[in-house]
file upload-v7.pdb (PDB, C-alpha atoms)
ATOM      1  CA  MET A   1     180.509 166.633 115.166  1.00  0.00           C
ATOM      2  CA  GLN A   2     180.749 164.722 118.431  1.00  0.00           C
ATOM      3  CA  SER A   3     177.160 165.628 119.322  1.00  0.00           C
ATOM      4  CA  ARG A   4     175.939 164.260 115.982  1.00  0.00           C
ATOM      5  CA  LEU A   5     177.784 161.015 116.586  1.00  0.00           C
ATOM      6  CA  THR A   6     176.260 160.795 120.022  1.00  0.00           C
ATOM      7  CA  TRP A   7     172.735 161.253 118.630  1.00  0.00           C
ATOM      8  CA  LEU A   8     173.388 158.567 115.961  1.00  0.00           C
ATOM      9  CA  VAL A   9     174.475 156.062 118.618  1.00  0.00           C
ATOM     10  CA  LEU A  10     171.396 156.836 120.701  1.00  0.00           C
ATOM     11  CA  ALA A  11     169.151 156.411 117.656  1.00  0.00           C
ATOM     12  CA  LEU A  12     170.653 153.000 116.851  1.00  0.00           C
ATOM     13  CA  LEU A  13     170.187 151.874 120.460  1.00  0.00           C
ATOM     14  CA  ALA A  14     166.528 152.937 120.383  1.00  0.00           C
ATOM     15  CA  VAL A  15     165.895 151.047 117.147  1.00  0.00           C
ATOM     16  CA  GLY A  16     167.556 147.944 118.629  1.00  0.00           C
ATOM     17  CA  ILE A  17     165.441 148.057 121.783  1.00  0.00           C
ATOM     18  CA  MET A  18     162.207 148.395 119.739  1.00  0.00           C
ATOM     19  CA  SER A  19     163.147 145.391 117.558  1.00  0.00           C
ATOM     20  CA  ILE A  20     163.730 143.202 120.615  1.00  0.00           C
ATOM     21  CA  GLY A  21     160.321 144.175 122.010  1.00  0.00           C
ATOM     22  CA  ILE A  22     158.556 143.364 118.760  1.00  0.00           C
ATOM     23  CA  VAL A  23     160.211 139.907 118.518  1.00  0.00           C
ATOM     24  CA  GLY A  24     159.278 139.116 122.116  1.00  0.00           C
ATOM     25  CA  CYS A  25     155.619 139.981 121.568  1.00  0.00           C
ATOM     26  CA  GLY A  26     155.484 137.781 118.504  1.00  0.00           C
ATOM     27  CA  SER A  27     156.882 134.839 120.449  1.00  0.00           C
ATOM     28  CA  ASP A  28     154.264 135.186 123.191  1.00  0.00           C
ATOM     29  CA  THR A  29     151.497 135.218 120.587  1.00  0.00           C
ATOM     30  CA  GLU A  30     152.829 132.093 118.911  1.00  0.00           C
ATOM     31  CA  GLU A  31     153.100 130.264 122.260  1.00  0.00           C
ATOM     32  CA  GLU A  32     149.544 131.165 123.211  1.00  0.00           C
ATOM     33  CA  SER A  33     148.342 130.021 119.806  1.00  0.00           C
ATOM     34  CA  ALA A  34     150.190 126.725 120.164  1.00  0.00           C
ATOM     35  CA  GLU A  35     148.809 126.085 123.647  1.00  0.00           C
ATOM     36  CA  LYS A  36     145.178 126.864 122.751  1.00  0.00           C
ATOM     37  CA  PRO A  37     143.312 123.570 122.161  1.00  0.00           C
ATOM     38  CA  THR A  38     141.883 123.117 118.709  1.00  0.00           C
ATOM     39  CA  GLU A  39     138.321 121.997 118.071  1.00  0.00           C
ATOM     40  CA  SER A  40     137.894 118.967 115.852  1.00  0.00           C
ATOM     41  CA  ALA A  41     135.828 119.530 112.757  1.00  0.00           C
ATOM     42  CA  SER A  42     134.968 115.831 112.479  1.00  0.00           C
ATOM     43  CA  THR A  43     131.961 114.392 114.324  1.00  0.00           C
ATOM     44  CA  GLU A  44     131.439 110.743 115.166  1.00  0.00           C
ATOM     45  CA  SER A  45     127.960 109.248 115.294  1.00  0.00           C
ATOM     46  CA  SER A  46     127.141 107.751 118.664  1.00  0.00           C
ATOM     47  CA  ASP A  47     123.877 106.251 117.459  1.00  0.00           C
ATOM     48  CA  GLU A  48     123.657 102.477 117.791  1.00  0.00           C
ATOM     49  CA  ILE A  49     121.012 100.107 116.464  1.00  0.00           C
ATOM     50  CA  VAL A  50     119.293  98.661 119.491  1.00  0.00           C
ATOM     51  CA  VAL A  51     117.479  95.359 119.020  1.00  0.00           C
ATOM     52  CA  ALA A  52     114.692  94.980 121.532  1.00  0.00           C
ATOM     53  CA  ALA A  53     115.145  91.857 123.601  1.00  0.00           C
ATOM     54  CA  ARG A  54     112.282  89.386 123.302  1.00  0.00           C
ATOM     55  CA  PRO A  55     110.744  88.548 126.657  1.00  0.00           C
ATOM     56  CA  PRO A  56     111.075  84.969 127.886  1.00  0.00           C
ATOM     57  CA  ILE A  57     108.187  82.659 127.028  1.00  0.00           C
ATOM     58  CA  ASP A  58     105.831  81.798 129.864  1.00  0.00           C
ATOM     59  CA  PHE A  59     105.225  78.272 128.614  1.00  0.00           C
ATOM     60  CA  GLU A  60     102.576  77.317 131.142  1.00  0.00           C
ATOM     61  CA  ALA A  61     100.518  80.427 130.422  1.00  0.00           C
ATOM     62  CA  GLU A  62     100.829  79.963 126.647  1.00  0.00           C
ATOM     63  CA  LYS A  63      99.869  76.288 126.870  1.00  0.00           C
ATOM     64  CA  ALA A  64      96.759  77.238 128.840  1.00  0.00           C
ATOM     65  CA  ALA A  65      95.844  79.909 126.276  1.00  0.00           C
ATOM     66  CA  ILE A  66      96.287  77.464 123.373  1.00  0.00           C
ATOM     67  CA  GLN A  67      94.165  74.895 125.191  1.00  0.00           C
ATOM     68  CA  GLU A  68      91.453  77.517 125.646  1.00  0.00           C
ATOM     69  CA  VAL A  69      91.364  78.227 121.898  1.00  0.00           C
ATOM     70  CA  TYR A  70      91.152  74.543 121.019  1.00  0.00           C
ATOM     71  CA  SER A  71      88.429  73.922 123.612  1.00  0.00           C
ATOM     72  CA  ALA A  72      86.447  76.770 122.076  1.00  0.00           C
ATOM     73  CA  PHE A  73      86.815  75.219 118.607  1.00  0.00           C
ATOM     74  CA  TYR A  74      85.889  71.769 119.939  1.00  0.00           C
ATOM     75  CA  ALA A  75      82.724  73.034 121.627  1.00  0.00           C
ATOM     76  CA  ALA A  76      81.698  75.161 118.630  1.00  0.00           C
ATOM     77  CA  PHE A  77      82.180  72.280 116.195  1.00  0.00           C
ATOM     78  CA  ASN A  78      80.092  69.885 118.280  1.00  0.00           C
ATOM     79  CA  ASP A  79      77.418  72.590 118.735  1.00  0.00           C
ATOM     80  CA  GLU A  80      77.406  73.224 114.949  1.00  0.00           C
ATOM     81  CA  ASP A  81      78.274  76.839 115.645  1.00  0.00           C
ATOM     82  CA  ILE A  82      79.922  78.314 112.542  1.00  0.00           C
ATOM     83  CA  PRO A  83      80.570  81.817 114.036  1.00  0.00           C
ATOM     84  CA  GLY A  84      82.092  80.161 117.088  1.00  0.00           C
ATOM     85  CA  ILE A  85      84.485  78.147 114.913  1.00  0.00           C
ATOM     86  CA  GLN A  86      85.360  81.233 112.887  1.00  0.00           C
ATOM     87  CA  GLU A  87      86.397  83.056 116.066  1.00  0.00           C
ATOM     88  CA  THR A  88      89.138  80.503 116.707  1.00  0.00           C
ATOM     89  CA  PHE A  89      90.597  80.602 113.162  1.00  0.00           C
ATOM     90  CA  GLU A  90      92.886  83.033 111.369  1.00  0.00           C
ATOM     91  CA  THR A  91      90.468  83.083 108.469  1.00  0.00           C
ATOM     92  CA  SER A  92      92.809  84.590 105.876  1.00  0.00           C
ATOM     93  CA  THR A  93      95.259  81.669 106.020  1.00  0.00           C
ATOM     94  CA  ILE A  94      93.372  78.820 107.676  1.00  0.00           C
ATOM     95  CA  GLN A  95      93.834  75.225 106.476  1.00  0.00           C
ATOM     96  CA  PHE A  96      91.492  72.489 107.696  1.00  0.00           C
ATOM     97  CA  GLY A  97      91.100  68.788 107.086  1.00  0.00           C
ATOM     98  CA  THR A  98      89.683  65.560 108.489  1.00  0.00           C
ATOM     99  CA  ILE A  99      90.581  61.927 107.845  1.00  0.00           C
ATOM    100  CA  PHE A 100      88.034  59.294 108.817  1.00  0.00           C
ATOM    101  CA  ALA A 101      88.013  56.929 105.822  1.00  0.00           C
ATOM    102  CA  GLY A 102      91.327  55.285 104.994  1.00  0.00           C
ATOM    103  CA  ASN A 103      90.884  55.170 101.263  1.00  0.00           C
ATOM    104  CA  GLU A 104      89.219  58.598 100.894  1.00  0.00           C
ATOM    105  CA  PRO A 105      90.760  61.226 103.197  1.00  0.00           C
ATOM    106  CA  VAL A 106      88.996  64.571 102.907  1.00  0.00           C
ATOM    107  CA  PRO A 107      91.474  66.923 101.200  1.00  0.00           C
ATOM    108  CA  ILE A 108      92.876  69.865 103.130  1.00  0.00           C
ATOM    109  CA  ALA A 109      90.640  72.886 102.522  1.00  0.00           C
ATOM    110  CA  ILE A 110      92.273  76.317 102.327  1.00  0.00           C
ATOM    111  CA  GLY A 111      90.520  79.615 103.049  1.00  0.00           C
ATOM    112  CA  TRP A 112      87.547  80.275 105.264  1.00  0.00           C
ATOM    113  CA  ASN A 113      84.837  79.999 102.583  1.00  0.00           C
ATOM    114  CA  ASN A 114      86.055  76.576 101.448  1.00  0.00           C
ATOM    115  CA  ILE A 115      86.410  75.374 105.024  1.00  0.00           C
ATOM    116  CA  LYS A 116      82.926  76.562 105.981  1.00  0.00           C
ATOM    117  CA  THR A 117      81.497  74.613 103.025  1.00  0.00           C
ATOM    118  CA  ASN A 118      83.532  71.576 104.085  1.00  0.00           C
ATOM    119  CA  ILE A 119      82.293  71.707 107.687  1.00  0.00           C
ATOM    120  CA  LEU A 120      78.659  72.230 106.689  1.00  0.00           C
ATOM    121  CA  GLY A 121      79.031  69.184 104.433  1.00  0.00           C
ATOM    122  CA  LEU A 122      80.312  67.109 107.352  1.00  0.00           C
ATOM    123  CA  TRP A 123      77.397  68.188 109.523  1.00  0.00           C
ATOM    124  CA  GLY A 124      74.805  67.265 106.904  1.00  0.00           C
ATOM    125  CA  GLY A 125      76.477  64.551 104.824  1.00  0.00           C
ATOM    126  CA  ILE A 126      75.424  60.941 104.440  1.00  0.00           C
ATOM    127  CA  GLY A 127      77.459  58.905 106.899  1.00  0.00           C
ATOM    128  CA  THR A 128      78.740  61.984 108.762  1.00  0.00           C
ATOM    129  CA  LYS A 129      75.557  63.729 109.869  1.00  0.00           C
ATOM    130  CA  GLY A 130      75.533  64.101 113.624  1.00  0.00           C
ATOM    131  CA  ALA A 131      79.145  62.927 114.005  1.00  0.00           C
ATOM    132  CA  LYS A 132      81.043  64.712 116.754  1.00  0.00           C
ATOM    133  CA  TRP A 133      84.618  65.581 117.626  1.00  0.00           C
ATOM    134  CA  GLY A 134      85.686  63.198 120.370  1.00  0.00           C
ATOM    135  CA  GLN A 135      86.619  61.785 122.797  1.00  0.00           C
ATOM    136  CA  ASN A 136      87.705  64.913 124.646  1.00  0.00           C
ATOM    137  CA  ASP A 137      89.092  68.393 124.030  1.00  0.00           C
ATOM    138  CA  LYS A 138      92.473  67.955 125.712  1.00  0.00           C
ATOM    139  CA  LEU A 139      95.791  68.885 124.114  1.00  0.00           C
ATOM    140  CA  THR A 140      98.749  66.930 125.446  1.00  0.00           C
ATOM    141  CA  ASP A 141     101.821  67.776 123.325  1.00  0.00           C
ATOM    142  CA  PHE A 142     103.067  71.327 122.755  1.00  0.00           C
ATOM    143  CA  TRP A 143     105.893  73.028 120.884  1.00  0.00           C
ATOM    144  CA  ILE A 144     106.145  76.813 121.337  1.00  0.00           C
ATOM    145  CA  ARG A 145     108.807  79.154 119.980  1.00  0.00           C
ATOM    146  CA  TYR A 146     109.385  82.634 118.603  1.00  0.00           C
ATOM    147  CA  LYS A 147     108.701  83.447 114.970  1.00  0.00           C
ATOM    148  CA  GLY A 148     110.204  86.924 114.624  1.00  0.00           C
ATOM    149  CA  SER A 149     108.464  89.027 117.242  1.00  0.00           C
ATOM    150  CA  LYS A 150     105.452  86.696 117.448  1.00  0.00           C
ATOM    151  CA  LEU A 151     104.986  83.269 118.970  1.00  0.00           C
ATOM    152  CA  GLU A 152     104.109  80.170 116.965  1.00  0.00           C
ATOM    153  CA  ALA A 153     103.091  76.784 118.273  1.00  0.00           C
ATOM    154  CA  ALA A 154     102.232  73.248 117.278  1.00  0.00           C
ATOM    155  CA  ALA A 155     100.054  71.033 119.429  1.00  0.00           C
ATOM    156  CA  ILE A 156      98.533  67.556 119.398  1.00  0.00           C
ATOM    157  CA  GLY A 157      95.323  66.367 120.962  1.00  0.00           C
ATOM    158  CA  TYR A 158      94.671  62.625 121.059  1.00  0.00           C
ATOM    159  CA  ASN A 159      91.112  63.110 119.836  1.00  0.00           C
ATOM    160  CA  CYS A 160      89.572  63.650 116.406  1.00  0.00           C
ATOM    161  CA  TYR A 161      86.472  64.033 114.249  1.00  0.00           C
ATOM    162  CA  LYS A 162      84.318  60.871 114.382  1.00  0.00           C
ATOM    163  CA  GLY A 163      86.585  59.833 117.219  1.00  0.00           C
ATOM    164  CA  THR A 164      84.888  56.885 118.897  1.00  0.00           C
ATOM    165  CA  PHE A 165      88.451  55.828 119.656  1.00  0.00           C
ATOM    166  CA  PRO A 166      91.437  58.139 120.161  1.00  0.00           C
ATOM    167  CA  GLY A 167      92.945  59.577 117.011  1.00  0.00           C
ATOM    168  CA  GLU A 168      95.045  62.704 116.575  1.00  0.00           C
ATOM    169  CA  THR A 169      94.279  66.373 116.011  1.00  0.00           C
ATOM    170  CA  HIS A 170      97.210  68.424 114.730  1.00  0.00           C
ATOM    171  CA  LEU A 171      97.235  72.188 115.279  1.00  0.00           C
ATOM    172  CA  TYR A 172      99.465  75.039 114.148  1.00  0.00           C
ATOM    173  CA  LEU A 173      98.820  78.422 115.775  1.00  0.00           C
ATOM    174  CA  ILE A 174     100.279  81.941 115.859  1.00  0.00           C
ATOM    175  CA  LYS A 175      99.840  84.483 118.626  1.00  0.00           C
ATOM    176  CA  ASP A 176      99.225  88.077 117.540  1.00  0.00           C
ATOM    177  CA  ASP A 177      97.950  91.149 119.385  1.00  0.00           C
ATOM    178  CA  LYS A 178      94.527  89.471 119.628  1.00  0.00           C
ATOM    179  CA  GLY A 179      95.871  86.254 121.118  1.00  0.00           C
ATOM    180  CA  TRP A 180      96.296  82.750 119.723  1.00  0.00           C
ATOM    181  CA  LYS A 181      94.552  81.798 116.476  1.00  0.00           C
ATOM    182  CA  ILE A 182      94.470  78.453 114.667  1.00  0.00           C
ATOM    183  CA  HIS A 183      96.194  78.595 111.252  1.00  0.00           C
ATOM    184  CA  GLU A 184      96.193  74.855 110.499  1.00  0.00           C
ATOM    185  CA  LEU A 185      94.054  72.011 111.826  1.00  0.00           C
ATOM    186  CA  ASP A 186      93.862  68.407 110.685  1.00  0.00           C
ATOM    187  CA  SER A 187      92.463  65.345 112.413  1.00  0.00           C
ATOM    188  CA  SER A 188      92.855  61.639 111.790  1.00  0.00           C
ATOM    189  CA  THR A 189      90.973  58.693 113.217  1.00  0.00           C
ATOM    190  CA  GLU A 190      92.985  55.929 114.853  1.00  0.00           C
ATOM    191  CA  ASN A 191      92.882  53.556 111.881  1.00  0.00           C
ATOM    192  CA  ASN A 192      94.676  56.166 109.726  1.00  0.00           C
ATOM    193  CA  LEU A 193      97.504  57.067 112.082  1.00  0.00           C
ATOM    194  CA  GLY A 194      99.956  54.720 110.381  1.00  0.00           C
ATOM    195  CA  ILE A 195      99.605  56.857 107.247  1.00  0.00           C
ATOM    196  CA  PHE A 196      98.927  60.366 108.568  1.00  0.00           C
ATOM    197  CA  GLY A 197      99.744  60.253 112.285  1.00  0.00           C
ATOM    198  CA  PHE A 198     102.524  62.097 114.065  1.00  0.00           C
ATOM    199  CA  HIS A 199     104.521  59.169 115.426  1.00  0.00           C
ATOM    200  CA  LYS A 200     104.353  56.621 112.592  1.00  0.00           C
ATOM    201  CA  GLY A 201     102.817  58.451 109.668  1.00  0.00           C
ATOM    202  CA  LYS A 202     103.317  61.764 107.889  1.00  0.00           C
ATOM    203  CA  PRO A 203     101.107  64.671 109.028  1.00  0.00           C
ATOM    204  CA  ARG A 204      99.469  66.561 106.193  1.00  0.00           C
ATOM    205  CA  ILE A 205      99.847  70.151 107.398  1.00  0.00           C
ATOM    206  CA  GLU A 206     103.268  71.643 106.670  1.00  0.00           C
ATOM    207  CA  LYS A 207     103.807  74.308 109.335  1.00  0.00           C
ATOM    208  CA  PHE A 208     102.731  71.918 112.089  1.00  0.00           C
ATOM    209  CA  THR A 209     105.271  69.408 110.790  1.00  0.00           C
ATOM    210  CA  LYS A 210     108.030  72.032 110.540  1.00  0.00           C
ATOM    211  CA  VAL A 211     107.607  73.209 114.136  1.00  0.00           C
ATOM    212  CA  THR A 212     107.369  69.706 115.596  1.00  0.00           C
ATOM    213  CA  ARG A 213     110.555  68.709 113.780  1.00  0.00           C
ATOM    214  CA  GLU A 214     112.565  71.822 114.693  1.00  0.00           C
ATOM    215  CA  ALA A 215     111.345  72.962 118.115  1.00  0.00           C
ATOM    216  CA  GLU A 216     111.730  71.349 121.500  1.00  0.00           C
ATOM    217  CA  LYS A 217     108.712  69.458 122.787  1.00  0.00           C
ATOM    218  CA  LEU A 218     107.398  70.783 126.086  1.00  0.00           C
TER
END
call {"tool": "encode", "arguments": {"input": "upload-v7.pdb", "output": "structure tokens"}}
result
Amino acid sequence: MQSRLTWLVLALLAVGIMSIGIVGCGSDTEEESAEKPTESASTESSDEIVVAARPPIDFEAEKAAIQEVYSAFYAAFNDEDIPGIQETFETSTIQFGTIFAGNEPVPIAIGWNNIKTNILGLWGGIGTKGAKWGQNDKLTDFWIRYKGSKLEAAAIGYNCYKGTFPGETHLYLIKDDKGWKIHELDSSTENNLGIFGFHKGKPRIEKFTKVTREAEKL
């Protein structure tokens, strides 16, 4: 009887020791699990929209390039060189006009075909045949600024068609991957400047007027 009781006590002690071991193992597992860093399932986008900075304008270089285009137009017009004139124009949007008679200003022509007809008429017309652009080909006033990623400019030369005396030539240009091209050109003889001139009158070409009113004169 005593031996059976002894075996029962030993059996209970063994079961108790095994239970303590099992509980201890479970605690170690839970601690390891708690200490193990978790990986986040969420991802954050690190992409940012980067706007390319526009380079600073080299005003002296751009003024020289604009002058070169106008000089090419001036020489081609006085040489009656239609292809030469066409090279200086953005032919898809070009606007061109001349004012040399106060009561009958030649309307602004739009589009290369209309302008070519206009210029040929000036070269061969009664009272205009042989008339030149004068007195010189110099541009004196410039406004240059960015228009999106391109440059736009307005310029004035104190010269004009049938310009025995100084008048004004108004230019609006845009620079693309091929360089500067003339998009608007109008000229007025001196006697018409009170009506159509830059300082006292109202220029006829709109983009030229917009730039000269909004941009800083160089």
call {"tool": "closest_residue", "arguments": {"input": "upload-v7.pdb", "among": "A:Glu168, A:Glu184, A:Glu80, A:Glu152", "to": "Ile57 in chain A", "atoms": "all atoms listed in the file"}}
result
A:Glu152
call {"tool": "resolve_selection", "arguments": {"input": "upload-v7.pdb", "expression": "the PyMOL selection byres ((chain A and resi 129-131) around 12)", "output": "number ranges by chain"}}
result
A: 77-80, 100, 119-128, 132-135, 160-164
call {"tool": "axis_aligned_box", "arguments": {"input": "upload-v7.pdb", "around": "range 55-60 of chain A", "padding_each_side": "8 Å", "output": "lines of an AutoDock Vina configuration file"}}
result
center_x = 106.8
center_y = 82.9
center_z = 128.9
size_x = 24.5
size_y = 27.2
size_z = 20.5
call {"tool": "residues_around", "arguments": {"input": "upload-v7.pdb", "residues": "Ala215 in chain A", "least_positions_apart": "3", "cutoff": "12 Å", "atoms": "only C-alpha atoms", "output": "ChimeraX atom specification"}}
result
/A:142-147,152-155,207-212,218
call {"tool": "closest_residue", "arguments": {"input": "upload-v7.pdb", "among": "A:Ile195, A:Ala76, A:Ile82, A:Ala61", "to": "Ile99 in chain A", "atoms": "all atoms listed in the file"}}
result
A:Ile195
call {"tool": "atom_distance", "arguments": {"input": "upload-v7.pdb", "atom1": "CA of Ser188 in chain A", "atom2": "CA of Ser71 in chain A"}}
result
17.6 Å
call {"tool": "resolve_selection", "arguments": {"input": "upload-v7.pdb", "expression": "the PyMOL selection byres ((chain A and resi 68) around 12)", "output": "PyMOL selection string"}}
result
chain A and resi 61-67+69-75+88+137-139+179-182
call {"tool": "closest_residue", "arguments": {"input": "upload-v7.pdb", "among": "A:Glu206, A:Glu216, A:Glu87, A:Asp186", "to": "Val106 in chain A", "atoms": "all atoms listed in the file"}}
result
A:Asp186
call {"tool": "atom_distance", "arguments": {"input": "upload-v7.pdb", "atom1": "CA of Pro203 in chain A", "atom2": "CA of Thr140 in chain A"}}
result
16.7 Å
call {"tool": "atom_distance", "arguments": {"input": "upload-v7.pdb", "atom1": "CA of Lys116 in chain A", "atom2": "CA of Leu171 in chain A"}}
result
17.6 Å
call {"tool": "closest_residue", "arguments": {"input": "upload-v7.pdb", "among": "A:Ile156, A:Phe89, A:Asn114, A:Arg213", "to": "Lys175 in chain A", "atoms": "only C-alpha atoms"}}
result
A:Phe89
call {"tool": "closest_residue", "arguments": {"input": "upload-v7.pdb", "among": "A:Ala53, A:Lys217, A:Tyr172, A:Ser187", "to": "Pro105 in chain A", "atoms": "all atoms listed in the file"}}
result
A:Ser187
call {"tool": "closest_residue", "arguments": {"input": "upload-v7.pdb", "among": "A:Asp176, A:Gly102, A:His183, A:Pro56", "to": "Gln86 in chain A", "atoms": "all atoms listed in the file"}}
result
A:His183
call {"tool": "decode", "arguments": {"input": "upload-v7.pdb", "residues": "range 96-105 of chain A", "atoms": "all heavy atoms", "output": "PDB file, in the first residue's frame"}}
result
ATOM      1  N   PHE A  96       1.455  90.477 -91.427  1.00  0.00           N
ATOM      2  CA  PHE A  96       2.335  91.482 -92.026  1.00  0.00           C
ATOM      3  C   PHE A  96       1.516  92.669 -92.498  1.00  0.00           C
ATOM      4  O   PHE A  96       0.446  92.509 -93.088  1.00  0.00           O
ATOM      5  CB  PHE A  96       3.078  90.859 -93.219  1.00  0.00           C
ATOM      6  CG  PHE A  96       3.938  91.827 -93.982  1.00  0.00           C
ATOM      7  CD1 PHE A  96       5.259  92.046 -93.622  1.00  0.00           C
ATOM      8  CD2 PHE A  96       3.437  92.520 -95.088  1.00  0.00           C
ATOM      9  CE1 PHE A  96       6.068  92.931 -94.334  1.00  0.00           C
ATOM     10  CE2 PHE A  96       4.223  93.400 -95.809  1.00  0.00           C
ATOM     11  CZ  PHE A  96       5.550  93.605 -95.432  1.00  0.00           C
ATOM     12  N   GLY A  97       2.040  93.863 -92.229  1.00  0.00           N
ATOM     13  CA  GLY A  97       1.351  95.057 -92.711  1.00  0.00           C
ATOM     14  C   GLY A  97       2.316  96.205 -92.921  1.00  0.00           C
ATOM     15  O   GLY A  97       3.450  96.195 -92.433  1.00  0.00           O
ATOM     16  N   THR A  98       1.864  97.202 -93.663  1.00  0.00           N
ATOM     17  CA  THR A  98       2.616  98.439 -93.876  1.00  0.00           C
ATOM     18  C   THR A  98       1.643  99.609 -93.861  1.00  0.00           C
ATOM     19  O   THR A  98       0.497  99.474 -94.304  1.00  0.00           O
ATOM     20  CB  THR A  98       3.373  98.425 -95.224  1.00  0.00           C
ATOM     21  OG1 THR A  98       2.446  98.140 -96.273  1.00  0.00           O
ATOM     22  CG2 THR A  98       4.475  97.387 -95.220  1.00  0.00           C
ATOM     23  N   ILE A  99       2.100 100.731 -93.341  1.00  0.00           N
ATOM     24  CA  ILE A  99       1.288 101.953 -93.318  1.00  0.00           C
ATOM     25  C   ILE A  99       2.141 103.071 -93.888  1.00  0.00           C
ATOM     26  O   ILE A  99       3.153 103.453 -93.310  1.00  0.00           O
ATOM     27  CB  ILE A  99       0.855 102.316 -91.882  1.00  0.00           C
ATOM     28  CG1 ILE A  99       0.163 101.137 -91.207  1.00  0.00           C
ATOM     29  CG2 ILE A  99      -0.059 103.529 -91.890  1.00  0.00           C
ATOM     30  CD1 ILE A  99      -0.034 101.322 -89.720  1.00  0.00           C
ATOM     31  N   PHE A 100       1.743 103.582 -95.049  1.00  0.00           N
ATOM     32  CA  PHE A 100       2.501 104.676 -95.658  1.00  0.00           C
ATOM     33  C   PHE A 100       1.597 105.762 -96.206  1.00  0.00           C
ATOM     34  O   PHE A 100       2.067 106.766 -96.713  1.00  0.00           O
ATOM     35  CB  PHE A 100       3.416 104.146 -96.777  1.00  0.00           C
ATOM     36  CG  PHE A 100       2.716 103.298 -97.799  1.00  0.00           C
ATOM     37  CD1 PHE A 100       2.115 103.862 -98.899  1.00  0.00           C
ATOM     38  CD2 PHE A 100       2.671 101.924 -97.653  1.00  0.00           C
ATOM     39  CE1 PHE A 100       1.467 103.078 -99.860  1.00  0.00           C
ATOM     40  CE2 PHE A 100       2.034 101.128 -98.601  1.00  0.00           C
ATOM     41  CZ  PHE A 100       1.427 101.695 -99.702  1.00  0.00           C
ATOM     42  N   ALA A 101       0.274 105.562 -96.130  1.00  0.00           N
ATOM     43  CA  ALA A 101      -0.684 106.598 -96.511  1.00  0.00           C
ATOM     44  C   ALA A 101      -1.665 106.750 -95.355  1.00  0.00           C
ATOM     45  O   ALA A 101      -2.305 105.780 -94.944  1.00  0.00           O
ATOM     46  CB  ALA A 101      -1.422 106.218 -97.789  1.00  0.00           C
ATOM     47  N   GLY A 102      -1.753 107.949 -94.798  1.00  0.00           N
ATOM     48  CA  GLY A 102      -2.522 108.134 -93.574  1.00  0.00           C
ATOM     49  C   GLY A 102      -3.974 107.752 -93.670  1.00  0.00           C
ATOM     50  O   GLY A 102      -4.557 107.253 -92.711  1.00  0.00           O
ATOM     51  N   ASN A 103      -4.579 107.997 -94.814  1.00  0.00           N
ATOM     52  CA  ASN A 103      -6.007 107.721 -94.922  1.00  0.00           C
ATOM     53  C   ASN A 103      -6.296 106.328 -95.489  1.00  0.00           C
ATOM     54  O   ASN A 103      -7.440 105.895 -95.509  1.00  0.00           O
ATOM     55  CB  ASN A 103      -6.694 108.773 -95.807  1.00  0.00           C
ATOM     56  CG  ASN A 103      -6.084 108.853 -97.196  1.00  0.00           C
ATOM     57  OD1 ASN A 103      -4.983 108.355 -97.433  1.00  0.00           O
ATOM     58  ND2 ASN A 103      -6.799 109.490 -98.116  1.00  0.00           N
ATOM     59  N   GLU A 104      -5.271 105.595 -95.919  1.00  0.00           N
ATOM     60  CA  GLU A 104      -5.488 104.262 -96.481  1.00  0.00           C
ATOM     61  C   GLU A 104      -4.382 103.304 -96.038  1.00  0.00           C
ATOM     62  O   GLU A 104      -3.573 102.846 -96.846  1.00  0.00           O
ATOM     63  CB  GLU A 104      -5.534 104.322 -98.017  1.00  0.00           C
ATOM     64  CG  GLU A 104      -6.739 105.070 -98.573  1.00  0.00           C
ATOM     65  CD  GLU A 104      -6.750 105.062-100.095  1.00  0.00           C
ATOM     66  OE1 GLU A 104      -5.795 104.528-100.695  1.00  0.00           O
ATOM     67  OE2 GLU A 104      -7.709 105.580-100.676  1.00  0.00           O
ATOM     68  N   PRO A 105      -4.316 102.972 -94.744  1.00  0.00           N
ATOM     69  CA  PRO A 105      -3.309 101.996 -94.313  1.00  0.00           C
ATOM     70  C   PRO A 105      -3.583 100.634 -94.932  1.00  0.00           C
ATOM     71  O   PRO A 105      -4.734 100.212 -95.048  1.00  0.00           O
ATOM     72  CB  PRO A 105      -3.475 101.963 -92.793  1.00  0.00           C
ATOM     73  CG  PRO A 105      -4.878 102.418 -92.555  1.00  0.00           C
ATOM     74  CD  PRO A 105      -5.178 103.407 -93.632  1.00  0.00           C
TER      75      PRO A 105
END
